[in-house]
Amino acid sequence: MHGILKLGVNIDHVATLRQARGVAYPGVLDAARLCVAAGAAGITIHLREDRRHIQDKDLFDLRRELKKTILNLEMANVPEIVAIALKARPDEVCIVPEKRRELTTEGGLDAAGQRTSLAKNCRKLRNAGITVSLFIDPDKKQLDAAVAAGAPCVELHTGTFCNAKGVKAREELNRLIRGARYAHEIGLQVNAGHGINLDNIKSILQIPFLDTLNIGHSIVARAVFVGIREAVREMLSAMAAYSNRK
């Protein structure tokens with residue numbers, strides 16, 4: 001069934017501002033409420049191993065607060081965070097690669113190289129009623145590995161395209177288009193995210209079969225000037241013309 005393209009707002013960088021001064025504000029719960037009021041279908045957070053922004057308490061507070069809104073937890077494929085996810089029970093988890101020194105997630109998960117451990121953890125999460133997605137590059141080998149691991153969804157890594165220019169950008173966009181088509185053919189729900197902003201969203205909307213876009217940094221950055229509710233509304237307006245019937 002084809003529906004409206006949904007927006008999941010990643011509020012990690014609201015927590016980044018809070019953690020920079022070690023104070024109680026800005027609050028991630030307040031940010032989540034405003035995003036939902038503006039029309040976001042979901043809230044995304046990344047509980048990193050180094051806890052650089054989102055904290056455990058944020059996850060559990062959001063889980064209690066968000067009764068009718070999808071809570072999507074980005075997480076590394078490690079026992080500590082899997083155990084926390086099983087306790088918190090977000091609606092969805094997206095398993096991502098994670099390095100301590102990176103500024104943000106760099107590249108897609110090597111699902112093919114971690115298939116055994118991913119299958120084990122996907123099974124645990126699914127048994128807890130959590131929908132599992134893998135954050136991967138639009139590569140057939142990785143998409144096949146997602147199916148083999150038992151993940152019903154993938155989030156295509158759009159960052160390489162968003163950081164590219166000229167001919168390279170067109171090549172990367174075509175790669176995303178091919179990857180989305182193949183993912184759809186093999187029965188995966190297709191989401192996308194990383195680096196998406198108001199300047200490149202028109203190109204992102206050429207990717208077929210998208211269910212959800214997860215967007216964070218650009219929305220929080222835009223909120224500095226217009227407020228987070230308006231920043232969410234602007235992105236939703238830009239997404240409104242999307243048709244996944246391709």
# chains A, B, ... in the order shown; residues from 1 in each chain; ligands from 1
call {"tool": "select_by_dssp", "arguments": {"residues": "region 34-79 of chain A", "states": "strand (DSSP E or B)", "output": "PyMOL selection string"}}
result
chain A and resi 42-46+70-75
call {"tool": "closest_atom_pairs", "arguments": {"of": "region 129-235 of chain A", "to": "region 66-88 of chain A", "cutoff": "10 Å", "atoms": "only C-alpha atoms", "output": "JSON lines"}}
result
{"residue": "A:Gly129", "atom": "CA", "partner": "A:Leu86", "partner_atom": "CA", "distance": 9.3}
{"residue": "A:Ile130", "atom": "CA", "partner": "A:Leu86", "partner_atom": "CA", "distance": 8.4}
{"residue": "A:Thr131", "atom": "CA", "partner": "A:Asn72", "partner_atom": "CA", "distance": 9.1}
{"residue": "A:Val132", "atom": "CA", "partner": "A:Asn72", "partner_atom": "CA", "distance": 9.5}
{"residue": "A:Ser133", "atom": "CA", "partner": "A:Glu74", "partner_atom": "CA", "distance": 9.1}
{"residue": "A:Leu134", "atom": "CA", "partner": "A:Glu74", "partner_atom": "CA", "distance": 9.3}
{"residue": "A:Phe135", "atom": "CA", "partner": "A:Glu74", "partner_atom": "CA", "distance": 8.9}
{"residue": "A:Asn214", "atom": "CA", "partner": "A:Asn72", "partner_atom": "CA", "distance": 9.4}
call {"tool": "select_by_dssp", "arguments": {"residues": "region 64-129 of chain A", "states": "alpha helix (DSSP H)", "output": "CSV table (one decimal) with N, CA and C atoms, in the first residue's frame"}}
result
chain,number,residue,atom,x,y,z
A,64,ARG,N,8.0,6.6,27.7
A,64,ARG,CA,6.8,6.9,28.5
A,64,ARG,C,5.9,7.9,27.9
A,65,GLU,N,6.5,8.9,27.3
A,65,GLU,CA,5.7,10.1,26.8
A,65,GLU,C,5.1,9.8,25.4
A,79,PRO,N,26.1,-5.7,22.8
A,79,PRO,CA,25.2,-6.3,23.9
A,79,PRO,C,24.6,-5.3,24.8
A,80,GLU,N,25.4,-4.3,25.3
A,80,GLU,CA,24.9,-3.3,26.3
A,80,GLU,C,23.7,-2.6,25.7
A,81,ILE,N,23.8,-2.1,24.5
A,81,ILE,CA,22.7,-1.3,24.0
A,81,ILE,C,21.5,-2.1,23.6
A,82,VAL,N,21.8,-3.4,23.1
A,82,VAL,CA,20.7,-4.3,22.8
A,82,VAL,C,19.9,-4.5,24.1
A,83,ALA,N,20.6,-4.7,25.2
A,83,ALA,CA,19.9,-5.0,26.5
A,83,ALA,C,19.0,-3.8,26.9
A,84,ILE,N,19.5,-2.6,26.7
A,84,ILE,CA,18.8,-1.4,27.0
A,84,ILE,C,17.5,-1.3,26.1
A,85,ALA,N,17.7,-1.6,24.9
A,85,ALA,CA,16.6,-1.5,23.9
A,85,ALA,C,15.5,-2.5,24.3
A,86,LEU,N,15.9,-3.7,24.7
A,86,LEU,CA,15.0,-4.8,25.2
A,86,LEU,C,14.2,-4.3,26.4
A,87,LYS,N,14.8,-3.5,27.2
A,87,LYS,CA,14.2,-3.0,28.4
A,87,LYS,C,13.2,-1.9,28.1
A,88,ALA,N,13.7,-1.0,27.3
A,88,ALA,CA,12.9,0.3,27.0
A,88,ALA,C,11.8,0.0,26.0
A,115,ARG,N,26.6,-10.7,9.8
A,115,ARG,CA,25.3,-11.4,9.6
A,115,ARG,C,24.9,-12.3,10.8
A,116,THR,N,25.9,-13.0,11.4
A,116,THR,CA,25.5,-13.9,12.5
A,116,THR,C,25.1,-13.2,13.7
A,117,SER,N,25.8,-12.2,14.1
A,117,SER,CA,25.5,-11.4,15.3
A,117,SER,C,24.2,-10.6,15.1
A,118,LEU,N,24.0,-10.1,13.9
A,118,LEU,CA,22.8,-9.3,13.6
A,118,LEU,C,21.6,-10.2,13.6
A,119,ALA,N,21.7,-11.4,13.1
A,119,ALA,CA,20.6,-12.3,13.1
A,119,ALA,C,20.2,-12.6,14.5
A,120,LYS,N,21.2,-12.8,15.4
A,120,LYS,CA,20.9,-13.2,16.8
A,120,LYS,C,20.2,-12.0,17.4
A,121,ASN,N,20.6,-10.8,17.2
A,121,ASN,CA,20.1,-9.6,17.9
A,121,ASN,C,18.7,-9.2,17.3
A,122,CYS,N,18.6,-9.4,16.0
A,122,CYS,CA,17.4,-9.1,15.3
A,122,CYS,C,16.3,-10.0,15.9
A,123,ARG,N,16.6,-11.2,16.1
A,123,ARG,CA,15.6,-12.2,16.6
A,123,ARG,C,15.2,-11.8,18.0
A,124,LYS,N,16.2,-11.4,18.9
A,124,LYS,CA,15.8,-10.9,20.2
A,124,LYS,C,14.9,-9.7,20.2
A,125,LEU,N,15.2,-8.8,19.3
A,125,LEU,CA,14.4,-7.5,19.3
A,125,LEU,C,13.0,-7.8,18.7
A,126,ARG,N,13.0,-8.6,17.7
A,126,ARG,CA,11.7,-8.9,17.1
A,126,ARG,C,10.8,-9.7,18.1
A,127,ASN,N,11.4,-10.6,18.9
A,127,ASN,CA,10.6,-11.3,19.9
A,127,ASN,C,10.1,-10.4,21.0
call {"tool": "closest_residue", "arguments": {"among": "A:Gly193, A:Asn200, A:Leu62, A:Ala32", "to": "Lys165 (chain A)", "atoms": "only C-alpha atoms"}}
result
A:Asn200
call {"tool": "residues_around", "arguments": {"residues": "Ile204 (chain A)", "least_positions_apart": "3", "cutoff": "12 Å", "atoms": "only C-alpha atoms", "output": "PyMOL selection string"}}
result
chain A and resi 5+156-159+161-162+169-170+172-177+180+191-201+207-210+212-215+238-239+241-244
call {"tool": "write_last_selection", "arguments": {"atoms": "C-alpha atoms", "output": "JSON list (two decimals), in the first residue's frame"}}
result
[["chain", "number", "residue", "atom", "x", "y", "z"],
["A", 5, "LEU", "CA", 6.00, 9.89, 2.96],
["A", 156, "LEU", "CA", 19.40, 3.70, 3.08],
["A", 157, "HIS", "CA", 22.42, 5.84, 3.90],
["A", 158, "THR", "CA", 21.98, 9.07, 1.91],
["A", 159, "GLY", "CA", 25.03, 10.83, 3.34],
["A", 161, "PHE", "CA", 24.97, 11.53, -2.00],
["A", 162, "CYS", "CA", 24.32, 14.56, 0.21],
["A", 169, "ALA", "CA", 26.17, 13.32, -6.84],
["A", 170, "ARG", "CA", 24.20, 12.07, -9.85],
["A", 172, "GLU", "CA", 25.20, 8.39, -5.97],
["A", 173, "LEU", "CA", 21.57, 9.35, -6.47],
["A", 174, "ASN", "CA", 21.22, 6.72, -9.21],
["A", 175, "ARG", "CA", 22.78, 4.19, -6.82],
["A", 176, "LEU", "CA", 20.17, 5.06, -4.19],
["A", 177, "ILE", "CA", 17.38, 4.73, -6.75],
["A", 180, "ALA", "CA", 15.58, 1.29, -3.25],
["A", 191, "ASN", "CA", 13.52, 4.29, 4.74],
["A", 192, "ALA", "CA", 16.33, 6.77, 4.17],
["A", 193, "GLY", "CA", 18.38, 9.26, 6.11],
["A", 194, "HIS", "CA", 21.59, 11.16, 6.76],
["A", 195, "GLY", "CA", 22.55, 14.61, 5.54],
["A", 196, "ILE", "CA", 19.12, 15.49, 4.15],
["A", 197, "ASN", "CA", 18.21, 19.18, 4.16],
["A", 198, "LEU", "CA", 15.97, 21.66, 2.36],
["A", 199, "ASP", "CA", 18.56, 22.16, -0.37],
["A", 200, "ASN", "CA", 18.83, 18.50, -1.39],
["A", 201, "ILE", "CA", 15.38, 17.15, -0.48],
["A", 207, "ILE", "CA", 14.20, 7.74, -4.70],
["A", 208, "PRO", "CA", 11.29, 5.32, -5.13],
["A", 209, "PHE", "CA", 9.36, 3.25, -2.56],
["A", 210, "LEU", "CA", 10.29, 5.38, 0.44],
["A", 212, "THR", "CA", 10.06, 7.30, 6.04],
["A", 213, "LEU", "CA", 12.82, 9.90, 5.99],
["A", 214, "ASN", "CA", 14.75, 10.32, 9.25],
["A", 215, "ILE", "CA", 16.15, 13.84, 9.42],
["A", 238, "ALA", "CA", 9.00, 20.01, 0.97],
["A", 239, "MET", "CA", 8.20, 16.28, 1.25],
["A", 241, "ALA", "CA", 4.76, 16.11, -3.34],
["A", 242, "TYR", "CA", 6.44, 12.72, -3.02],
["A", 243, "SER", "CA", 4.97, 9.74, -4.83],
["A", 244, "ASN", "CA", 6.41, 6.29, -4.16]]
call {"tool": "residues_around", "arguments": {"residues": "Ala24 (chain A)", "least_positions_apart": "5", "cutoff": "10 Å", "atoms": "only C-alpha atoms", "output": "ChimeraX atom specification"}}
result
/A:15,18-19
call {"tool": "closest_residue", "arguments": {"among": "A:Ala231, A:Ile45, A:Leu205, A:Cys35", "to": "Arg63 (chain A)", "atoms": "only C-alpha atoms"}}
result
A:Ile45
call {"tool": "closest_residue", "arguments": {"among": "A:Glu98, A:Glu171, A:Glu155, A:Asp211", "to": "Asp50 (chain A)", "atoms": "only C-alpha atoms"}}
result
A:Glu98
call {"tool": "closest_residue", "arguments": {"among": "A:Ile219, A:Val190, A:Cys94, A:Ala37", "to": "Pro138 (chain A)", "atoms": "only C-alpha atoms"}}
result
A:Val190
call {"tool": "atom_distance", "arguments": {"atom1": "CA of Ala40 (chain A)", "atom2": "CA of Asp139 (chain A)"}}
result
28.7 Å
call {"tool": "atom_distance", "arguments": {"atom1": "CA of Gly166 (chain A)", "atom2": "CA of Arg181 (chain A)"}}
result
23.1 Å
call {"tool": "closest_residue", "arguments": {"among": "A:Ala164, A:Arg33, A:Thr16, A:Val232", "to": "Arg51 (chain A)", "atoms": "only C-alpha atoms"}}
result
A:Thr16
